[in-house]
Each structure stands twice: as C-alpha cells, then as structure tokens.
file query_1.cif (mmCIF, C-alpha atoms)
data_structure
#
loop_
_atom_site.label_atom_id
_atom_site.label_comp_id
_atom_site.auth_asym_id
_atom_site.auth_seq_id
_atom_site.Cartn_x
_atom_site.Cartn_y
_atom_site.Cartn_z
CA MET A 1 0.00 0.00 0.00
CA GLY A 2 3.04 2.28 -0.15
CA TYR A 3 2.19 5.77 -1.38
CA ASP A 4 4.04 8.95 -0.37
CA PHE A 5 7.12 9.61 1.79
CA TRP A 6 9.28 12.37 3.23
CA TYR A 7 12.61 12.19 4.97
CA GLN A 8 14.73 14.29 7.34
CA PRO A 9 18.42 13.30 7.16
CA LEU A 10 19.35 15.11 10.39
CA HIS A 11 16.99 12.82 12.32
CA ASN A 12 17.89 9.75 10.22
CA VAL A 13 14.21 9.18 9.47
CA MET A 14 11.83 8.66 6.59
CA ILE A 15 8.07 8.36 7.09
CA SER A 16 5.84 6.76 4.45
CA THR A 17 2.07 6.58 3.96
CA GLU A 18 -0.48 4.15 2.50
CA TRP A 19 -3.15 4.46 -0.19
CA GLY A 20 -4.61 1.06 -0.90
CA VAL A 21 -4.42 -2.32 -2.59
CA PRO A 22 -3.93 -1.67 -6.33
CA LYS A 23 -6.46 -4.33 -7.35
CA ALA A 24 -9.07 -2.44 -5.33
CA LEU A 25 -8.35 1.23 -6.07
CA THR A 26 -7.82 0.67 -9.81
CA LYS A 27 -11.44 -0.47 -10.13
CA GLY A 28 -12.91 2.63 -8.51
CA PHE A 29 -13.71 3.50 -4.92
CA LYS A 30 -16.00 1.16 -2.97
CA LEU A 31 -16.80 1.70 0.70
CA GLU A 32 -16.80 -2.05 1.35
CA ASP A 33 -13.13 -2.17 0.31
CA VAL A 34 -12.35 0.17 3.22
CA GLN A 35 -14.27 -2.03 5.62
CA THR A 36 -12.41 -5.16 4.46
CA GLY A 37 -8.98 -3.60 4.95
CA LYS A 38 -8.06 -2.84 1.36
CA TYR A 39 -7.21 0.79 2.09
CA GLY A 40 -4.39 2.12 4.25
CA SER A 41 -4.40 3.56 7.74
CA HIS A 42 -0.74 3.63 8.84
CA LEU A 43 2.40 5.75 8.89
CA HIS A 44 5.65 3.80 8.70
CA VAL A 45 8.74 5.23 10.37
CA TRP A 46 11.96 4.10 8.67
CA ASP A 47 15.59 4.24 9.75
CA TRP A 48 17.02 6.28 6.88
CA THR A 49 20.46 4.65 7.06
CA SER A 50 19.53 1.00 7.47
CA ARG A 51 16.33 1.29 5.39
CA THR A 52 14.32 -0.69 7.92
CA ILE A 53 10.96 0.05 9.54
CA GLN A 54 11.40 1.09 13.17
CA GLN A 55 7.79 1.92 14.06
CA THR A 56 4.29 1.82 12.59
CA ILE A 57 1.65 4.34 13.66
CA ASP A 58 -2.00 3.27 13.30
CA LEU A 59 -4.20 6.26 12.41
CA GLY A 60 -7.43 4.25 12.38
CA VAL A 61 -9.47 2.31 9.82
CA GLY A 62 -10.72 4.46 6.97
CA THR A 63 -8.21 7.29 7.28
CA ILE A 64 -6.23 6.64 4.05
CA PRO A 65 -3.17 8.84 4.70
CA LEU A 66 -1.83 10.12 1.38
CA GLU A 67 0.49 13.12 1.10
CA ILE A 68 3.03 13.68 3.89
CA ARG A 69 5.26 16.69 4.59
CA PHE A 70 7.86 17.48 7.23
CA LEU A 71 8.35 21.12 8.14
CA HIS A 72 11.09 22.53 5.90
CA ASN A 73 13.27 23.51 8.86
CA PRO A 74 15.56 20.44 8.94
CA GLU A 75 15.93 20.64 12.70
CA GLU A 76 12.17 20.28 13.26
CA PRO A 77 11.18 16.64 13.94
CA GLN A 78 7.53 17.12 12.99
CA GLY A 79 5.18 17.51 10.06
CA PHE A 80 1.72 16.73 8.72
CA THR A 81 -0.09 14.14 6.66
CA GLY A 82 -3.43 14.50 4.91
CA CYS A 83 -5.86 11.64 5.48
CA ALA A 84 -8.17 11.43 2.47
CA LEU A 85 -11.28 9.57 3.57
CA SER A 86 -11.37 10.77 7.18
CA SER A 87 -10.73 14.31 5.88
CA THR A 88 -8.27 15.02 8.68
CA ILE A 89 -4.82 16.55 8.98
CA VAL A 90 -2.61 14.60 11.36
CA ARG A 91 0.49 16.10 12.94
CA PHE A 92 3.31 13.62 13.54
CA PHE A 93 6.20 14.38 15.88
CA LYS A 94 9.22 12.88 17.60
CA ASN A 95 8.85 12.09 21.30
CA GLN A 96 11.52 12.59 23.93
CA MET A 97 12.24 8.84 23.91
CA SER A 98 12.95 9.02 20.15
CA SER A 99 9.72 7.26 19.22
CA TRP A 100 7.13 9.01 17.07
CA GLY A 101 3.60 10.05 17.92
CA SER A 102 0.62 11.58 16.14
CA GLU A 103 -2.42 13.75 16.80
CA THR A 104 -5.32 15.01 14.68
CA VAL A 105 -5.14 18.81 14.44
CA ILE A 106 -7.70 19.54 11.67
CA LYS A 107 -11.00 17.82 10.92
CA VAL A 108 -13.14 18.68 7.88
CA PRO A 109 -16.73 17.68 8.75
CA ASN A 110 -18.70 15.45 6.38
CA LYS A 111 -21.75 17.03 4.76
CA LYS A 112 -25.10 15.28 4.84
CA VAL A 113 -26.36 15.19 1.28
CA GLU A 114 -28.97 13.87 -1.13
CA GLY A 115 -28.32 12.87 -4.74
CA TRP A 116 -24.84 11.48 -4.13
CA ALA A 117 -23.34 7.99 -3.78
CA LEU A 118 -23.48 8.10 0.04
CA PRO A 119 -25.67 9.98 2.55
CA GLU A 120 -22.57 11.73 3.93
CA MET A 121 -19.93 13.35 1.73
CA PRO A 122 -16.31 13.61 2.93
CA GLY A 123 -14.05 16.43 1.86
CA LEU A 124 -11.47 13.90 0.58
CA ILE A 125 -8.16 15.61 1.28
CA THR A 126 -5.94 14.62 -1.65
CA ASP A 127 -2.92 16.93 -1.43
CA ILE A 128 -1.16 19.08 1.16
CA LEU A 129 1.90 21.31 1.19
CA ILE A 130 3.76 23.65 3.52
CA SER A 131 5.15 27.04 2.53
CA LEU A 132 8.95 27.30 2.53
CA ASP A 133 8.89 29.53 5.61
CA ASP A 134 6.79 26.91 7.47
CA LYS A 135 4.12 29.52 8.15
CA PHE A 136 1.20 28.13 6.15
CA LEU A 137 -0.28 24.70 5.46
CA TYR A 138 -2.41 24.28 2.34
CA PHE A 139 -4.66 21.38 1.36
CA SER A 140 -7.32 20.51 -1.18
CA ASN A 141 -10.73 18.91 -0.59
CA TRP A 142 -11.26 17.25 -3.96
CA ILE A 143 -14.88 16.22 -3.35
CA HIS A 144 -16.15 19.28 -1.48
CA GLY A 145 -14.23 21.50 -3.89
CA ASP A 146 -12.28 23.90 -1.67
CA ILE A 147 -8.64 24.77 -1.05
CA ARG A 148 -7.76 25.77 2.50
CA GLN A 149 -4.92 27.78 4.00
CA TYR A 150 -3.99 27.40 7.67
CA ASP A 151 -1.57 29.39 9.78
CA ILE A 152 0.68 26.76 11.42
CA THR A 153 2.90 29.13 13.38
CA ASP A 154 1.76 26.93 16.26
CA PRO A 155 1.77 23.47 14.59
CA LYS A 156 -0.39 22.02 17.36
CA ARG A 157 -3.17 24.57 16.74
CA PRO A 158 -3.59 25.42 13.05
CA LYS A 159 -5.83 28.42 12.28
CA LEU A 160 -7.93 28.65 9.11
CA VAL A 161 -7.04 31.92 7.35
CA GLY A 162 -8.02 31.26 3.73
CA GLN A 163 -10.60 29.21 1.81
CA LEU A 164 -11.57 29.13 -1.87
CA PHE A 165 -14.02 26.90 -3.78
CA ILE A 166 -12.93 25.68 -7.21
CA GLY A 167 -15.49 23.29 -8.66
CA GLY A 168 -16.37 20.32 -6.47
CA SER A 169 -19.48 18.19 -5.92
CA ILE A 170 -21.65 20.59 -3.93
CA VAL A 171 -22.01 23.47 -6.40
CA ASN A 172 -25.51 24.94 -6.26
CA ASP A 173 -26.49 24.02 -9.82
CA GLY A 174 -25.45 20.37 -9.55
CA PRO A 175 -27.38 17.19 -8.69
CA VAL A 176 -26.28 17.12 -5.04
CA LYS A 177 -28.38 18.80 -2.38
CA VAL A 178 -26.67 19.54 0.94
CA ILE A 179 -29.17 19.02 3.73
CA GLN A 180 -26.86 19.58 6.71
CA ASP A 181 -23.60 21.53 6.74
CA SER A 182 -21.82 22.60 9.91
CA GLU A 183 -19.50 24.99 8.03
CA LEU A 184 -21.35 26.70 5.16
CA SER A 185 -24.63 28.63 5.08
CA GLY A 186 -25.24 27.71 1.43
CA GLN A 187 -23.84 25.74 -1.49
CA PRO A 188 -21.03 27.45 -3.46
CA GLU A 189 -21.36 28.81 -6.97
CA PRO A 190 -19.84 26.88 -9.89
CA CYS A 191 -16.37 28.08 -10.88
CA TYR A 192 -15.58 29.66 -14.26
CA VAL A 193 -12.21 30.88 -15.51
CA LYS A 194 -11.91 32.80 -18.79
CA GLY A 195 -15.45 31.77 -19.61
CA LYS A 196 -14.81 28.06 -19.07
CA ARG A 197 -16.44 25.97 -16.38
CA VAL A 198 -14.04 24.13 -14.08
CA GLU A 199 -14.83 20.41 -13.96
CA GLY A 200 -13.71 18.22 -11.09
CA GLY A 201 -12.29 19.75 -7.94
CA PRO A 202 -8.99 21.14 -6.64
CA GLN A 203 -6.49 18.31 -6.43
CA MET A 204 -2.69 18.51 -6.66
CA ILE A 205 -1.28 21.86 -5.57
CA GLN A 206 2.07 23.62 -5.81
CA LEU A 207 3.22 26.87 -4.23
CA SER A 208 5.68 29.33 -5.72
CA LEU A 209 8.90 29.76 -3.77
CA ASP A 210 7.89 33.26 -2.64
CA GLY A 211 4.57 31.87 -1.35
CA LYS A 212 2.40 34.20 -3.44
CA ARG A 213 1.07 31.92 -6.20
CA LEU A 214 -0.65 28.60 -5.60
CA TYR A 215 -1.13 26.39 -8.65
CA VAL A 216 -3.80 23.68 -8.71
CA THR A 217 -4.88 20.89 -11.06
CA THR A 218 -8.28 19.20 -11.07
CA SER A 219 -7.68 15.50 -11.85
CA LEU A 220 -7.02 12.84 -9.21
CA TYR A 221 -6.87 9.45 -10.94
CA SER A 222 -8.64 8.60 -14.18
CA VAL A 223 -10.73 5.75 -12.75
CA TRP A 224 -11.87 7.91 -9.83
CA ASP A 225 -12.31 10.92 -12.13
CA ASN A 226 -14.75 8.86 -14.21
CA GLN A 227 -16.59 7.78 -11.07
CA PHE A 228 -16.98 11.13 -9.32
CA TYR A 229 -16.66 13.68 -12.15
CA PRO A 230 -17.67 12.08 -15.48
CA ASP A 231 -17.51 15.40 -17.35
CA LEU A 232 -13.89 15.90 -16.25
CA SER A 233 -12.64 13.00 -18.36
CA LYS A 234 -14.69 14.19 -21.33
CA LYS A 235 -13.58 17.84 -21.17
CA GLY A 236 -10.10 17.50 -19.65
CA ALA A 237 -8.43 18.93 -16.57
CA MET A 238 -7.25 22.47 -15.92
CA LEU A 239 -4.26 24.13 -14.31
CA LEU A 240 -5.33 27.24 -12.39
CA GLN A 241 -3.57 29.91 -10.33
CA VAL A 242 -4.61 31.17 -6.92
CA ASP A 243 -3.21 34.46 -5.63
CA VAL A 244 -2.13 34.16 -1.99
CA ASP A 245 -1.91 36.70 0.79
CA SER A 246 1.31 35.36 2.28
CA VAL A 247 1.29 37.83 5.18
CA ASN A 248 -2.17 37.69 6.73
CA GLY A 249 -3.66 34.76 4.84
CA GLY A 250 -6.25 34.72 2.09
CA LEU A 251 -6.88 33.09 -1.30
CA LYS A 252 -8.23 34.58 -4.55
CA LEU A 253 -8.59 32.88 -7.93
CA ASN A 254 -6.66 34.55 -10.74
CA PRO A 255 -9.31 35.14 -13.48
CA ASP A 256 -6.70 35.51 -16.23
CA PHE A 257 -4.76 32.26 -15.81
CA CYS A 258 -6.03 28.95 -17.18
CA VAL A 259 -4.25 26.07 -18.89
CA ASP A 260 -7.04 23.99 -20.40
CA PHE A 261 -5.83 20.44 -21.01
CA GLY A 262 -9.03 19.72 -22.89
CA GLU A 263 -7.55 21.76 -25.72
CA GLU A 264 -4.26 19.87 -25.92
CA PRO A 265 -3.54 18.33 -29.37
CA ASP A 266 -3.78 14.80 -27.96
CA GLY A 267 -6.40 15.72 -25.38
CA PRO A 268 -8.52 15.90 -23.50
CA ALA A 269 -5.76 15.20 -20.95
CA LEU A 270 -5.96 14.77 -17.18
CA ALA A 271 -3.30 16.99 -15.62
CA HIS A 272 -2.06 15.83 -12.22
CA GLU A 273 1.26 16.68 -10.55
CA VAL A 274 2.80 20.18 -10.59
CA ARG A 275 6.54 20.81 -10.19
CA TYR A 276 8.93 23.75 -10.47
CA PRO A 277 12.24 23.22 -12.28
CA GLY A 278 15.06 23.33 -9.75
CA GLY A 279 12.98 22.65 -6.65
CA ASP A 280 9.69 23.56 -5.03
CA CYS A 281 7.71 23.50 -1.79
CA SER A 282 6.70 19.84 -2.00
CA SER A 283 10.00 18.30 -3.04
CA ASP A 284 12.81 20.38 -1.49
CA ILE A 285 14.41 18.82 1.58
CA TRP A 286 17.05 20.81 3.42
CA LEU A 287 20.24 19.65 5.09
CA VAL A 288 22.06 20.94 8.17
CA ASP A 289 25.77 21.68 8.17
CA THR A 290 26.90 19.82 11.29
CA LYS A 291 30.58 20.66 10.82
CA PRO A 292 32.00 23.13 13.38
CA ALA A 293 32.60 26.60 12.02
CA LYS A 294 36.22 27.49 11.21
CA LEU A 295 37.69 30.30 13.28
#
call {"tool": "encode", "arguments": {"input": "query_1.cif", "output": "structure tokens"}}
result
Amino acid sequence: MGYDFWYQPLHNVMISTEWGVPKALTKGFKLEDVQTGKYGSHLHVWDWTSRTIQQTIDLGVGTIPLEIRFLHNPEEPQGFTGCALSSTIVRFFKNQMSSWGSETVIKVPNKKVEGWALPEMPGLITDILISLDDKFLYFSNWIHGDIRQYDITDPKRPKLVGQLFIGGSIVNDGPVKVIQDSELSGQPEPCYVKGKRVEGGPQMIQLSLDGKRLYVTTSLYSVWDNQFYPDLSKKGAMLLQVDVDSVNGGLKLNPDFCVDFGEEPDGPALAHEVRYPGGDCSSDIWLVDTKPAKL
C-alpha cells in the first residue's frame, strides 16, 4: 500500500504513507473495500540509514493517509499528513524517547447530502503542502471543492485563514443537495475561468517559492475521475492559479490564468502533478551543516 514519503536526514528518518491495494483502487472507490482492509491507515517510520521500519503508527481504519510533509526547517522533527477519507490533517512528531507520535489537528466535517453515492460526503483531502517559511499549510478537498490555507505558526493549533471553492461536488447548480452543513450557510457557486467551467475539484497543488502563487490541477486518478466527475474525463483537466496573501492569509482565484488540457492536441488530458524546475515546496528537503565553524 506504499504511497508517499518524506525524509529528514538530520533525524535519520523517513516516514511513508499508505493508499490502498492496487487491485481495489484501480477499479474505482467502494466503501466495502475500506471495511475489508483494502485501504491504508498507517504511517511507517523508517531508519534512513539501514532502510528498515522502526515503528508503525496506526491512524485508524478508513483514514487513508496520502500526502506527507515534514516542516522545511531540517531541525524540526515534525510535520503533517493529509488523510483522504477521514478528511483530517494529522500532525506527527518525535517524542523525547525518540519514538514518534501523532495527533489530529484539523477535521473537515462530512456534509449530509442527497443525490450522491453516500448519505454523507467527505471532503477527501488529496494533497497538502507547507510554505517554505513553514508559516502556512495548504490542502485541497477534492470532493467538497475547496482549497484551505492554515496558519501553522503553532503546529499544534492550526488556524484557518483562507478558503476558496474551485469546482467540487456541492455546487448549487449540480445534482447534489446539501441538507446539513456545519460549516457553510449555502452551497457554493460553480467556478468559471476565462469563460470556461471548471470540472472536477482542486487536487494537486504547488506553491511558488515566494509563497504568493498557488497552482492547482483538477484531476485525481482517471478511474476515480470517471466515477466522481464524469464530465472531467470528457472535457479534460485544468491548471489554475490562486493568488495568496502570504502575510495575513487569504486566497483569490486569478481570473486571467487557465491552462485547459481539454484543448491539448492529444487531449482531453488529465493533468495531475505540478513541479517547479530546480525545486519547489513539495520536493525540497534541506540539510544541516553539522561541521564546526572554522575560526
């Protein structure tokens, strides 16, 4: 079930996550597969040098931890993982006895709905990242349709400072009716950029090095795209830009930026991962110079 990983050389550690059994997830999502143990629920703590598992942390059945990020500060023995199905953000950290622990610090409530596959709709957190200055945590709720920005100056107590809906399954002109929502007073409007409707929901995200531009794609995985957003596969994914207030927090969609992969010569294509040449917020890992300074 191996999925994502992140490592911190100073602490001689790598931590990996789980998605699910390929024979299950490649056929589309089924709730019974979660109940029969075909989806992941663990973090695995590895000794970076010996490449052996030292500890396994059980986050609970049905969590499905996907993306994982340490804080960029290489001396910080802590970070976050986004749990897709439970729609939670879990902070992991090193204990005084050198073992590792975890705690849930963010919970996105399910919405009670009609006209959907299940009576309750999870947010489905599919990607997370941390700004290079370790000030903000971002994540995407692919099913609900929103991107969130949290101030993590205190990693134990994240504060929501920005939220933006980009597509999703609860738009007010869609087939889904939200009958109980503990967060919103109404269903969001559909999203249009340069006159084009955004299909799917916010999925993989990438932040510019200065923290001011957040890029987002709308496709998760073709089989799941077909299941949850049939029009996405027909029309293709998009790459969009979100302008970020990197001082006080806040998100705003850039109305002039849209890469429409439905218009690609061999399209429609389903855009997924986003990377900057030469390094970015979700792949750069920093080292510490442990050599004594020369006098």
call {"tool": "closest_residue", "arguments": {"input": "query_1.cif", "among": "A:Asp146, A:Glu32, A:Asp47, A:Asp245", "to": "Arg213 in chain A", "atoms": "only C-alpha atoms"}}
result
A:Asp245
call {"tool": "closest_atom_pairs", "arguments": {"input": "query_1.cif", "of": "range 76-147 of chain A", "to": "range 154-175 of chain A", "cutoff": "6 Å", "atoms": "all atoms listed in the file", "output": "tab-separated table"}}
result
residue	atom	partner	partner_atom	distance
A:Gly115	CA	A:Pro175	CA	5.9
A:Ile143	CA	A:Gly168	CA	5.4
A:His144	CA	A:Gly168	CA	5.1
A:Gly145	CA	A:Gly168	CA	3.6
A:Asp146	CA	A:Phe165	CA	4.1
A:Ile147	CA	A:Leu164	CA	5.3
call {"tool": "resolve_selection", "arguments": {"input": "query_1.cif", "expression": "the PyMOL selection byres ((chain A and resi 84) around 10)", "output": "number ranges by chain"}}
result
A: 19, 62-67, 81-83, 85-89, 122-127, 140-142
call {"tool": "atom_distance", "arguments": {"input": "query_1.cif", "atom1": "CA of Asp134 in chain A", "atom2": "CA of Pro77 in chain A"}}
result
12.9 Å
call {"tool": "resolve_selection", "arguments": {"input": "query_1.cif", "expression": "the PyMOL selection byres ((chain A and resi 259-270) around 8)", "output": "ChimeraX atom specification"}}
result
/A:218-219,222,233-240,257-258,271-272
call {"tool": "residues_around", "arguments": {"input": "query_1.cif", "residues": "Met121 in chain A", "least_positions_apart": "5", "cutoff": "7 Å", "atoms": "only C-alpha atoms", "output": "PyMOL selection string"}}
result
chain A and resi 110-113
call {"tool": "resolve_selection", "arguments": {"input": "query_1.cif", "expression": "the PyMOL selection byres ((chain A and resi 275-291) around 6)", "output": "tab-separated table (two decimals) with C-alpha atoms, in the coordinates of the input"}}
result
chain	number	residue	atom	x	y	z
A	74	PRO	CA	15.56	20.44	8.94
A	129	LEU	CA	1.90	21.31	1.19
A	132	LEU	CA	8.95	27.30	2.53
A	274	VAL	CA	2.80	20.18	-10.59
A	292	PRO	CA	32.00	23.13	13.38
call {"tool": "atom_distance", "arguments": {"input": "query_1.cif", "atom1": "CA of Val193 in chain A", "atom2": "CA of Asp256 in chain A"}}
result
7.2 Å
call {"tool": "residues_around", "arguments": {"input": "query_1.cif", "residues": "Trp48 in chain A", "least_positions_apart": "3", "cutoff": "12 Å", "atoms": "only C-alpha atoms", "output": "ChimeraX atom specification"}}
result
/A:5-16,44-45,51-54
call {"tool": "atom_distance", "arguments": {"input": "query_1.cif", "atom1": "CA of Pro202 in chain A", "atom2": "CA of Asn248 in chain A"}}
result
22.3 Å
call {"tool": "residues_near_point", "arguments": {"input": "query_1.cif", "point": "(-15.4, 21.7, 13.4)", "cutoff": "9 Å", "atoms": "only C-alpha atoms", "output": "list in words"}}
result
Ile106, Lys107, Val108, Pro109, Ser182 and Glu183 of chain A
call {"tool": "axis_aligned_box", "arguments": {"input": "query_1.cif", "around": "range 172-176 of chain A", "padding_each_side": "8 Å", "output": "JSON"}}
result
{"center_x": -26.4, "center_y": 21.0, "center_z": -7.4, "size_x": 17.9, "size_y": 23.8, "size_z": 20.8}
call {"tool": "closest_residue", "arguments": {"input": "query_1.cif", "among": "A:Pro255, A:Gly186, A:Gly40, A:Gly211", "to": "Val198 in chain A", "atoms": "only C-alpha atoms"}}
result
A:Pro255
call {"tool": "closest_residue", "arguments": {"input": "query_1.cif", "among": "A:Asp243, A:Asp151, A:Glu273, A:Glu199", "to": "Leu214 in chain A", "atoms": "only C-alpha atoms"}}
result
A:Asp243
